[in-house]
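*Asks:* Below you'll find the structure I mean.
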2 protein chains.
Amino acid sequence: MTLTTNRQVTLASRPTGIAQADNFRIIEAPIPNLEDGQILIQNKFLSVEPAMRGWIADTSNYSPPVAIGAVMRSLASGHVIASRNADYKEGDAVTGWFGWQEVAAVGADQIIRRIEETDLPLSLSLGALGLNGVTAYLGLTRLGRPKAGETVLVSTAAGSVGSAVGQIANLLGCRTVGITGGPIKAALCTDEFGYAAALDYRQDGLDLDAALAAACPDGVDIYFDNTAGAISDAAHRHLALHARVVLCGTASIPGWDVWPTGARVERHLLVKRATMAGFLIFDHMDGYGDAVQRLADWVRAGNLQYREDVLDGLEACPDAIAGLYRGENLGKRLIRLEP
Amino acid sequence: MTLTTNRQVTLASRPTGIAQADNFRIIEAPIPNLEDGQILIQNKFLSVEPAMRGWIADTSNYSPPVAIGAVMRSLASGHVIASRNADYKEGDAVTGWFGWQEVAAVGADQIIRRIEETDLPLSLSLGALGLNGVTAYLGLTRLGRPKAGETVLVSTAAGSVGSAVGQIANLLGCRTVGITGGPIKAALCTDEFGYAAALDYRQDGLDLDAALAAACPDGVDIYFDNTAGAISDAAHRHLALHARVVLCGTASIPGWDVWPTGARVERHLLVKRATMAGFLIFDHMDGYGDAVQRLADWVRAGNLQYREDVLDGLEACPDAIAGLYRGENLGKRLIRLEP
């Protein structure tokens, strides 16, 4: 190991809306000394997620917000470069909660898993074989409970979760319809991710209700919802009897400080005897390993396509979340560190 | 049998909002002749339900709307007075879809069940041991999945479904909080139906959020929702982790022709990993018999209190639905026919 200092991205100030570049600071810290039981990891890929908005917001959420001055919370993948833990040895590829930094000294509880699929690119452990892919697989199968022949509607259909949901649903025998923004993503949906139809909600003059009725003539059995908002209001109007709505994200909602309103959903759920449920991967970690194995097999067989949007260097971190919300990425956004 | 004609309440015109007295007409028809397989029933009690609004509305719903000129669809209970069906004999007490009329010639498929608990009042087969009680029991147990020690919040807590939900939840070891309108119903909730607390949403100056926080300090594990609307918007803000919302009715919504808006629910369900599901008893008829037995045992033991609001004579039918929505009943509304 040639590193002498550990560069880190810390939270400098708490954003009121979407985190911008100036909410972060890049600092240099010493390489940490390992305590007994700890593992030293050199990060190779850092993850950038829409959910990071929530991790740094000062409002009720899944977990305590990242403290001002702390290293930004992040999933990352890299290799063990030193270990005082018998379960991990130098050279092991691992993925877990290592933060936006070059080097992390972590306890075993911060490691999600050792990466066994070393025949596949390491970056996949943060995307198609990481939180995104596993969220897609477990959210769809555990809450959506797809049956062959059903219609599965996906919002942010070309995104890293959505594109996996669509493909997995296809692999399980469902018919898939995607909602996405812009003609490039719509084309990606049908050409690369196997959607039977893709609706571009930004298209001038689009009547989303009419488009949904045409694309889903038998109604929507599973709506995998990554957006909420007006897209979901329309989707709810097309639910089939006994439909399942899997709530996975609220990307279309700019903020919750002033709570947004929308079309009431109760009557749809009542008349259709439908179910709407929130999914968070951290409740389902027991299924992580099996999900990765199944997803890896599909990747190896060429049945699961994925896109990555790789930015180079730690300097790309501060603006990376804001960029997601500007919609500039096409695929899972990652930061690659050298060497 | 002494009847020579059969008086019936028919739908004269389709209401735009809540059905009023002049939407119905009382006519005299001949006593029907039985076809092979049919059963002739003399109705003793007719049911009046909030859901009747939906049965006659000309919009998407569970079943085709009652036709203009047809006998009003209704549950009823009475006795077999003639039978050309080997499964039913004169004198049997039965409950089913017999309509707002004195006498009904029905097929076996219109009979929900033979009433075996003849030690209890016949009227109970339309309330605590009928659709209301069974809806309460199966909605709570199948969709709510209560665990002892959990907090169960009920809207229209003193109503015929709500009061049963509260008491059943208590019997299953839960702590119950009711939301109801007016001091009389609030007192009924705590004094007769065993709620630990009752919130009167009509009370001047009530801060429903503060009241819910005080009454449900550990959050709401099950929200049994009969109202939707502003009451539910408040309830959703107090859901506990992994909460279940059972949607059973939308009593607070005056109409759906202009679709109402409300606070978005997606983020609550996502952050709390909660589930919201519509319940309709007709999906759960397999559990009806067992539910009636369990409920009847609780009634016999004095553990399940109920209120009835009995109107006398077929003449009371036309205005009876409107009266429900004026909130004039305290308990399950029934029409009693003589003799």
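Residue numbering restarts at 1 in every chain; chains get A, B, ... in the order shown in the structure tokens, and ligands count up from 1 in that same order.
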Select, as an MDAnalysis selection string, those residues of chain B with any atom no more than 7 Å from chain A (distances computed using only C-alpha atoms).

*Replies:* chainID B and resid 61:62 228 247:248 259:264 266 269:271 273:280

*Asks:* So that I can check the surroundings of Thr59 (chain B), please list as an mmCIF file with C-alpha atoms, in the first residue's frame every protein, DNA and RNA residue that reaches within 12 Å of it, counting only C-alpha atoms and ignoring chain neighbours fewer than 2 positions away.

*Replies:*
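What landed in selection-v3.cif:
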```cif
data_model
loop_
_atom_site.group_PDB
_atom_site.id
_atom_site.type_symbol
_atom_site.label_atom_id
_atom_site.label_comp_id
_atom_site.auth_asym_id
_atom_site.auth_seq_id
_atom_site.Cartn_x
_atom_site.Cartn_y
_atom_site.Cartn_z
ATOM 1 C CA VAL A 271 -62.327 -0.795 -5.030
ATOM 2 C CA ARG B 14 -80.130 7.464 -9.810
ATOM 3 C CA PRO B 15 -78.867 9.958 -7.221
ATOM 4 C CA THR B 16 -75.954 12.227 -8.014
ATOM 5 C CA GLY B 17 -74.746 12.357 -4.412
ATOM 6 C CA ARG B 53 -74.246 4.590 -1.846
ATOM 7 C CA GLY B 54 -71.856 2.650 -4.017
ATOM 8 C CA TRP B 55 -74.335 -0.032 -5.040
ATOM 9 C CA ILE B 56 -76.549 2.513 -6.747
ATOM 10 C CA ALA B 57 -73.858 4.871 -8.045
ATOM 11 C CA ASN B 61 -67.447 -0.148 -8.203
ATOM 12 C CA TYR B 62 -67.486 -3.705 -6.923
ATOM 13 C CA SER B 63 -70.600 -4.793 -8.772
ATOM 14 C CA PRO B 64 -73.021 -3.553 -11.443
ATOM 15 C CA PRO B 65 -75.234 -0.761 -10.115
ATOM 16 C CA VAL B 66 -78.835 -1.492 -9.132
ATOM 17 C CA GLY B 255 -68.134 12.086 -3.566
ATOM 18 C CA TRP B 256 -65.595 10.887 -6.112
ATOM 19 C CA ASP B 257 -66.965 12.569 -9.230
#
```

*Asks:* Determine the nearest neighbour of Tyr88 (chain A) from the options A:Leu206, A:Val9, A:Val106, A:Val48, counting only C-alpha atoms.

*Replies:*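 Closest residue, counting only C-alpha atoms: A:Val106.
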
*Asks:* Would you give me, as a ChimeraX atom specification, the residues in region 72-225 of chain B that DSSP reads as helix (DSSP H, G or I)?

*Replies:* /B:108-110,122-126,131-144,160-171,183-191,208-215

*Asks:* Just how far from CA of Leu140 (chain B) is CA of Tyr288 (chain B), in Å to one decimal?

*Replies:*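 Atom-to-atom, CA of Tyr288 (chain B) to CA of Leu140 (chain B), that is 13.5 Å.
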
*Asks:* So what do you get for CA of Ser47 (chain B) versus CA of Ala19 (chain B), distance-wise?

*Replies:*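 Computed distance, CA of Ser47 (chain B) to CA of Ala19 (chain B), equals 15.2 Å.
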
*Asks:* As a ChimeraX atom specification, please: all residues of region 146-286 of chain A that backbone DSSP puts in strand (DSSP E or B).

*Replies:* /A:151-155,175-180,197-200,220-225,239-247,261-263,275-278

*Asks:* Using only C-alpha atoms, determine which residues lie at most 9 Å from Cys216 (chain A), disregarding the query and same-chain residues fewer than 6 positions distant; provide the list as a ChimeraX atom specification.

*Replies:* /A:151-153,177,238

*Asks:* Counting only C-alpha atoms, which residues in region 171-269 of chain B sit no more than 12 Å from region 331-336 of chain B? For each one, give the nearest pair of atoms and the distance in Å, sorted by chain then residue number, as CSV.

*Replies:*
```
residue,atom,partner,partner_atom,distance
B:Lys185,CA,B:Gly331,CA,9.9
B:Leu188,CA,B:Gly331,CA,10.5
B:Cys189,CA,B:Gly331,CA,11.7
B:Phe193,CA,B:Gly331,CA,11.8
```

*Asks:* Give me a file of those residues, with C-alpha atoms, as a PDB file, in the first residue's frame.

*Replies:*
```
ATOM      1  CA  LYS B 185     -70.193   8.584  20.509  1.00  0.00           C
ATOM      2  CA  LEU B 188     -69.827   5.201  24.019  1.00  0.00           C
ATOM      3  CA  CYS B 189     -66.359   4.304  22.748  1.00  0.00           C
ATOM      4  CA  PHE B 193     -66.702  -0.508  23.503  1.00  0.00           C
TER       5      PHE B 193
END
```

*Asks:* Residues within 12 Å of Cys317 (chain B), please, as JSON, numbers by chain. Count only C-alpha atoms; anything in the same chain fewer than 2 positions from it doesn't count.

*Replies:* {"B": [7, 8, 9, 10, 11, 19, 20, 21, 22, 23, 24, 25, 26, 45, 46, 47, 48, 49, 52, 71, 72, 73, 74, 99, 100, 101, 102, 310, 311, 312, 313, 314, 315, 319, 320, 321, 322, 323, 324, 333, 334, 335, 336, 337]}

*Asks:* Using N, CA and C atoms, can you write the selected residues to a file as a short mmCIF file (atom, residue, chain, number, x, y, z; two decimals), in the first residue's frame?

*Replies:*
```cif
data_model
loop_
_atom_site.label_atom_id
_atom_site.label_comp_id
_atom_site.auth_asym_id
_atom_site.auth_seq_id
_atom_site.Cartn_x
_atom_site.Cartn_y
_atom_site.Cartn_z
N ARG B 7 -94.80 -6.03 -0.99
CA ARG B 7 -94.40 -4.63 -1.14
C ARG B 7 -92.88 -4.56 -1.29
N GLN B 8 -92.44 -3.73 -2.20
CA GLN B 8 -91.02 -3.63 -2.55
C GLN B 8 -90.59 -2.17 -2.61
N VAL B 9 -89.32 -1.93 -2.30
CA VAL B 9 -88.73 -0.59 -2.48
C VAL B 9 -87.83 -0.67 -3.71
N THR B 10 -88.19 0.11 -4.73
CA THR B 10 -87.41 0.08 -5.97
C THR B 10 -86.65 1.39 -6.14
N LEU B 11 -85.62 1.32 -6.97
CA LEU B 11 -84.83 2.52 -7.27
C LEU B 11 -85.55 3.28 -8.39
N ALA B 19 -78.06 9.02 -1.83
CA ALA B 19 -79.44 8.70 -2.20
C ALA B 19 -80.41 9.31 -1.19
N GLN B 20 -81.43 9.99 -1.70
CA GLN B 20 -82.46 10.61 -0.85
C GLN B 20 -83.76 9.83 -1.01
N ALA B 21 -84.71 10.15 -0.15
CA ALA B 21 -85.98 9.41 -0.13
C ALA B 21 -86.64 9.39 -1.51
N ASP B 22 -86.57 10.51 -2.23
CA ASP B 22 -87.30 10.54 -3.50
C ASP B 22 -86.58 9.81 -4.63
N ASN B 23 -85.43 9.22 -4.35
CA ASN B 23 -84.81 8.34 -5.34
C ASN B 23 -85.44 6.94 -5.33
N PHE B 24 -86.33 6.68 -4.36
CA PHE B 24 -86.93 5.36 -4.23
C PHE B 24 -88.45 5.44 -4.37
N ARG B 25 -89.07 4.31 -4.61
CA ARG B 25 -90.53 4.23 -4.74
C ARG B 25 -90.97 2.92 -4.08
N ILE B 26 -92.10 2.96 -3.41
CA ILE B 26 -92.65 1.73 -2.83
C ILE B 26 -93.78 1.24 -3.73
N PHE B 45 -85.95 -8.63 8.89
CA PHE B 45 -85.08 -7.45 9.03
C PHE B 45 -84.39 -7.15 7.70
N LEU B 46 -84.39 -5.88 7.35
CA LEU B 46 -83.66 -5.42 6.16
C LEU B 46 -82.47 -4.59 6.63
N SER B 47 -81.39 -4.66 5.91
CA SER B 47 -80.20 -3.92 6.31
C SER B 47 -80.12 -2.57 5.58
N VAL B 48 -79.52 -1.59 6.26
CA VAL B 48 -79.22 -0.29 5.65
C VAL B 48 -77.73 -0.05 5.86
N GLU B 49 -76.98 0.15 4.77
CA GLU B 49 -75.52 0.24 4.87
C GLU B 49 -75.01 1.50 4.18
N MET B 52 -74.35 1.17 0.47
CA MET B 52 -75.43 1.24 -0.53
C MET B 52 -75.25 2.42 -1.47
N VAL B 71 -85.70 -3.76 -7.56
CA VAL B 71 -85.75 -3.76 -6.09
C VAL B 71 -84.37 -3.40 -5.55
N MET B 72 -84.33 -2.53 -4.55
CA MET B 72 -83.05 -2.12 -3.98
C MET B 72 -82.32 -3.34 -3.42
N ARG B 73 -81.06 -3.47 -3.84
CA ARG B 73 -80.20 -4.54 -3.35
C ARG B 73 -79.98 -4.37 -1.84
N SER B 74 -80.10 -5.44 -1.12
CA SER B 74 -79.92 -5.34 0.33
C SER B 74 -79.71 -6.71 0.92
N GLY B 99 -83.02 -8.30 -0.67
CA GLY B 99 -83.54 -7.02 -1.17
C GLY B 99 -84.50 -6.35 -0.21
N TRP B 100 -84.75 -5.08 -0.51
CA TRP B 100 -85.70 -4.28 0.28
C TRP B 100 -87.12 -4.63 -0.15
N GLN B 101 -87.63 -5.74 0.38
CA GLN B 101 -88.99 -6.16 0.04
C GLN B 101 -89.48 -7.09 1.14
N GLU B 102 -90.77 -7.34 1.14
CA GLU B 102 -91.34 -8.19 2.19
C GLU B 102 -91.04 -9.66 1.96
N VAL B 310 -83.10 0.55 15.08
CA VAL B 310 -84.14 -0.17 14.34
C VAL B 310 -85.27 0.78 13.96
N LEU B 311 -85.54 0.84 12.67
CA LEU B 311 -86.67 1.63 12.15
C LEU B 311 -87.77 0.63 11.80
N ASP B 312 -89.01 1.03 11.99
CA ASP B 312 -90.10 0.09 11.77
C ASP B 312 -90.81 0.33 10.45
N GLY B 313 -90.98 -0.73 9.69
CA GLY B 313 -91.81 -0.70 8.51
C GLY B 313 -91.06 -0.33 7.24
N LEU B 314 -91.51 -0.91 6.15
CA LEU B 314 -90.89 -0.71 4.84
C LEU B 314 -90.86 0.78 4.45
N GLU B 315 -91.82 1.55 4.98
CA GLU B 315 -91.90 2.99 4.67
C GLU B 315 -90.63 3.72 5.13
N ASP B 319 -85.74 6.86 3.09
CA ASP B 319 -84.91 7.91 3.70
C ASP B 319 -83.77 7.35 4.55
N ALA B 320 -83.67 6.04 4.64
CA ALA B 320 -82.78 5.44 5.64
C ALA B 320 -81.30 5.63 5.31
N ILE B 321 -80.95 5.63 4.01
CA ILE B 321 -79.53 5.81 3.64
C ILE B 321 -79.12 7.25 3.91
N ALA B 322 -79.97 8.18 3.47
CA ALA B 322 -79.68 9.59 3.70
C ALA B 322 -79.50 9.85 5.20
N GLY B 323 -80.32 9.19 6.01
CA GLY B 323 -80.23 9.36 7.46
C GLY B 323 -78.88 8.92 8.01
N LEU B 324 -78.35 7.83 7.45
CA LEU B 324 -77.02 7.36 7.86
C LEU B 324 -76.00 8.47 7.66
N ARG B 333 -77.99 0.19 11.57
CA ARG B 333 -79.34 0.57 11.16
C ARG B 333 -80.04 -0.60 10.47
N LEU B 334 -81.23 -0.88 10.95
CA LEU B 334 -82.04 -1.99 10.42
C LEU B 334 -83.47 -1.51 10.21
N ILE B 335 -84.16 -2.18 9.30
CA ILE B 335 -85.59 -1.98 9.12
C ILE B 335 -86.28 -3.26 9.60
N ARG B 336 -87.23 -3.11 10.53
CA ARG B 336 -87.95 -4.29 11.02
C ARG B 336 -89.31 -4.35 10.34
N LEU B 337 -89.63 -5.50 9.78
CA LEU B 337 -90.93 -5.68 9.12
C LEU B 337 -91.85 -6.50 10.03
#
```

*Asks:* Name all residues at most 12 Å from Gly181 (chain B) (count only C-alpha atoms; drop same-chain ones fewer than 2 positions away) and give them as a list of chain:residue names.

*Replies:* B:Ser155, B:Thr156, B:Ala157, B:Ala158, B:Gly159, B:Gly178, B:Ile179, B:Pro183, B:Ile184, B:Lys185, B:Ala186, B:Ala187, B:Leu188, B:Cys189, B:Ala198, B:Leu199, B:Asp200, B:Tyr201, B:Arg202, B:Gln203, B:Asp204, B:Leu206, B:Thr227, B:Ile231, B:Ser252, B:Arg326, B:Gly327, B:Glu328, B:Leu330

*Asks:* Save out the residues we just selected, N, CA and C atoms, as a PDB file, in the first residue's frame.

*Replies:*
```
ATOM      1  N   SER B 155     -61.153   4.461  12.884  1.00  0.00           N
ATOM      2  CA  SER B 155     -61.998   5.623  12.571  1.00  0.00           C
ATOM      3  C   SER B 155     -63.450   5.165  12.421  1.00  0.00           C
ATOM      4  N   THR B 156     -64.409   6.077  12.623  1.00  0.00           N
ATOM      5  CA  THR B 156     -65.826   5.735  12.875  1.00  0.00           C
ATOM      6  C   THR B 156     -65.872   4.642  13.933  1.00  0.00           C
ATOM      7  N   ALA B 157     -65.215   4.964  15.057  1.00  0.00           N
ATOM      8  CA  ALA B 157     -64.940   3.968  16.094  1.00  0.00           C
ATOM      9  C   ALA B 157     -66.194   3.468  16.788  1.00  0.00           C
ATOM     10  N   ALA B 158     -67.277   4.252  16.759  1.00  0.00           N
ATOM     11  CA  ALA B 158     -68.507   3.829  17.419  1.00  0.00           C
ATOM     12  C   ALA B 158     -69.489   3.210  16.438  1.00  0.00           C
ATOM     13  N   GLY B 159     -69.130   3.152  15.176  1.00  0.00           N
ATOM     14  CA  GLY B 159     -70.018   2.600  14.148  1.00  0.00           C
ATOM     15  C   GLY B 159     -70.124   1.091  14.266  1.00  0.00           C
ATOM     16  N   GLY B 178     -59.985   5.136  19.519  1.00  0.00           N
ATOM     17  CA  GLY B 178     -61.034   5.381  18.542  1.00  0.00           C
ATOM     18  C   GLY B 178     -61.113   6.843  18.150  1.00  0.00           C
ATOM     19  N   ILE B 179     -61.458   7.087  16.899  1.00  0.00           N
ATOM     20  CA  ILE B 179     -61.774   8.443  16.432  1.00  0.00           C
ATOM     21  C   ILE B 179     -63.251   8.435  16.064  1.00  0.00           C
ATOM     22  N   PRO B 183     -69.541  14.058  21.357  1.00  0.00           N
ATOM     23  CA  PRO B 183     -69.267  13.576  22.718  1.00  0.00           C
ATOM     24  C   PRO B 183     -70.039  12.308  23.086  1.00  0.00           C
ATOM     25  N   ILE B 184     -71.240  12.122  22.509  1.00  0.00           N
ATOM     26  CA  ILE B 184     -72.019  10.926  22.854  1.00  0.00           C
ATOM     27  C   ILE B 184     -71.316   9.681  22.336  1.00  0.00           C
ATOM     28  N   LYS B 185     -70.893   9.742  21.076  1.00  0.00           N
ATOM     29  CA  LYS B 185     -70.193   8.584  20.509  1.00  0.00           C
ATOM     30  C   LYS B 185     -68.842   8.368  21.190  1.00  0.00           C
ATOM     31  N   ALA B 186     -68.170   9.475  21.556  1.00  0.00           N
ATOM     32  CA  ALA B 186     -66.875   9.333  22.232  1.00  0.00           C
ATOM     33  C   ALA B 186     -67.046   8.628  23.573  1.00  0.00           C
ATOM     34  N   ALA B 187     -68.107   8.992  24.297  1.00  0.00           N
ATOM     35  CA  ALA B 187     -68.358   8.342  25.585  1.00  0.00           C
ATOM     36  C   ALA B 187     -68.695   6.864  25.387  1.00  0.00           C
ATOM     37  N   LEU B 188     -69.484   6.586  24.339  1.00  0.00           N
ATOM     38  CA  LEU B 188     -69.827   5.201  24.019  1.00  0.00           C
ATOM     39  C   LEU B 188     -68.561   4.380  23.754  1.00  0.00           C
ATOM     40  N   CYS B 189     -67.611   4.996  23.078  1.00  0.00           N
ATOM     41  CA  CYS B 189     -66.359   4.304  22.748  1.00  0.00           C
ATOM     42  C   CYS B 189     -65.642   3.812  23.995  1.00  0.00           C
ATOM     43  N   ALA B 198     -60.730   7.843  23.293  1.00  0.00           N
ATOM     44  CA  ALA B 198     -61.587   8.190  22.155  1.00  0.00           C
ATOM     45  C   ALA B 198     -61.370   9.658  21.826  1.00  0.00           C
ATOM     46  N   LEU B 199     -61.113   9.940  20.566  1.00  0.00           N
ATOM     47  CA  LEU B 199     -60.879  11.310  20.122  1.00  0.00           C
ATOM     48  C   LEU B 199     -62.094  11.773  19.328  1.00  0.00           C
ATOM     49  N   ASP B 200     -62.676  12.885  19.752  1.00  0.00           N
ATOM     50  CA  ASP B 200     -63.835  13.451  19.060  1.00  0.00           C
ATOM     51  C   ASP B 200     -63.328  14.478  18.047  1.00  0.00           C
ATOM     52  N   TYR B 201     -63.312  14.077  16.797  1.00  0.00           N
ATOM     53  CA  TYR B 201     -62.706  14.950  15.781  1.00  0.00           C
ATOM     54  C   TYR B 201     -63.510  16.227  15.560  1.00  0.00           C
ATOM     55  N   ARG B 202     -64.752  16.253  16.056  1.00  0.00           N
ATOM     56  CA  ARG B 202     -65.552  17.472  15.882  1.00  0.00           C
ATOM     57  C   ARG B 202     -65.358  18.476  17.018  1.00  0.00           C
ATOM     58  N   GLN B 203     -64.627  18.058  18.030  1.00  0.00           N
ATOM     59  CA  GLN B 203     -64.473  18.913  19.214  1.00  0.00           C
ATOM     60  C   GLN B 203     -63.802  20.233  18.844  1.00  0.00           C
ATOM     61  N   ASP B 204     -64.380  21.334  19.326  1.00  0.00           N
ATOM     62  CA  ASP B 204     -63.848  22.672  19.021  1.00  0.00           C
ATOM     63  C   ASP B 204     -62.380  22.774  19.423  1.00  0.00           C
ATOM     64  N   LEU B 206     -59.849  21.091  18.619  1.00  0.00           N
ATOM     65  CA  LEU B 206     -59.033  19.877  18.764  1.00  0.00           C
ATOM     66  C   LEU B 206     -57.856  19.902  17.790  1.00  0.00           C
ATOM     67  N   THR B 227     -62.888   5.971   7.029  1.00  0.00           N
ATOM     68  CA  THR B 227     -63.257   7.342   6.658  1.00  0.00           C
ATOM     69  C   THR B 227     -62.481   7.923   5.481  1.00  0.00           C
ATOM     70  N   ILE B 231     -59.037  12.956   8.585  1.00  0.00           N
ATOM     71  CA  ILE B 231     -58.774  12.087   9.742  1.00  0.00           C
ATOM     72  C   ILE B 231     -57.653  11.107   9.406  1.00  0.00           C
ATOM     73  N   SER B 252     -65.832   9.733   5.007  1.00  0.00           N
ATOM     74  CA  SER B 252     -65.706  11.197   5.099  1.00  0.00           C
ATOM     75  C   SER B 252     -65.647  11.875   3.732  1.00  0.00           C
ATOM     76  N   ARG B 326     -76.585  11.599   7.451  1.00  0.00           N
ATOM     77  CA  ARG B 326     -76.837  12.711   8.365  1.00  0.00           C
ATOM     78  C   ARG B 326     -76.328  12.368   9.768  1.00  0.00           C
ATOM     79  N   GLY B 327     -75.880  11.131   9.955  1.00  0.00           N
ATOM     80  CA  GLY B 327     -75.292  10.734  11.237  1.00  0.00           C
ATOM     81  C   GLY B 327     -76.315  10.548  12.333  1.00  0.00           C
ATOM     82  N   GLU B 328     -77.567  10.214  11.960  1.00  0.00           N
ATOM     83  CA  GLU B 328     -78.608  10.163  12.989  1.00  0.00           C
ATOM     84  C   GLU B 328     -78.682   8.824  13.710  1.00  0.00           C
ATOM     85  N   LEU B 330     -77.156   5.526  15.860  1.00  0.00           N
ATOM     86  CA  LEU B 330     -76.137   5.147  16.833  1.00  0.00           C
ATOM     87  C   LEU B 330     -76.182   3.635  16.867  1.00  0.00           C
TER      88      LEU B 330
END
```

*Asks:* Report, in Å with one decimal, the straight-line distance from CA of Gln42 (chain B) to CA of Ala29 (chain B).

*Replies:*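 For CA of Gln42 (chain B) relative to CA of Ala29 (chain B), the distance reads 14.2 Å.
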
*Asks:* Pick the closest to Ile31 (chain B) from B:Ala67, B:Val80, B:Ala93, B:Val103: which is it, counting only C-alpha atoms?

*Replies:*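 Of B:Ala67, B:Val80, B:Ala93, B:Val103, the one nearest Ile31 (chain B) is B:Val103, counting only C-alpha atoms.
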
*Asks:* Would you pick out the contacts of Leu129 (chain A) at 7 Å or less, using only C-alpha atoms, so that residues sharing its chain but fewer than 4 positions from it are not included, and give the list as a PyMOL selection string?

*Replies:* chain A and resi 124-125+133-134+292+295-296

*Asks:* For Ile41 (chain B), find every residue with an atom within 7 Å (counting only C-alpha atoms), except residues of its own chain fewer than 3 positions away, and show them as a list in words.

*Replies:* Gly78, His79, Val80, Ile81, Val103, Ala104 and Ala105 of chain B
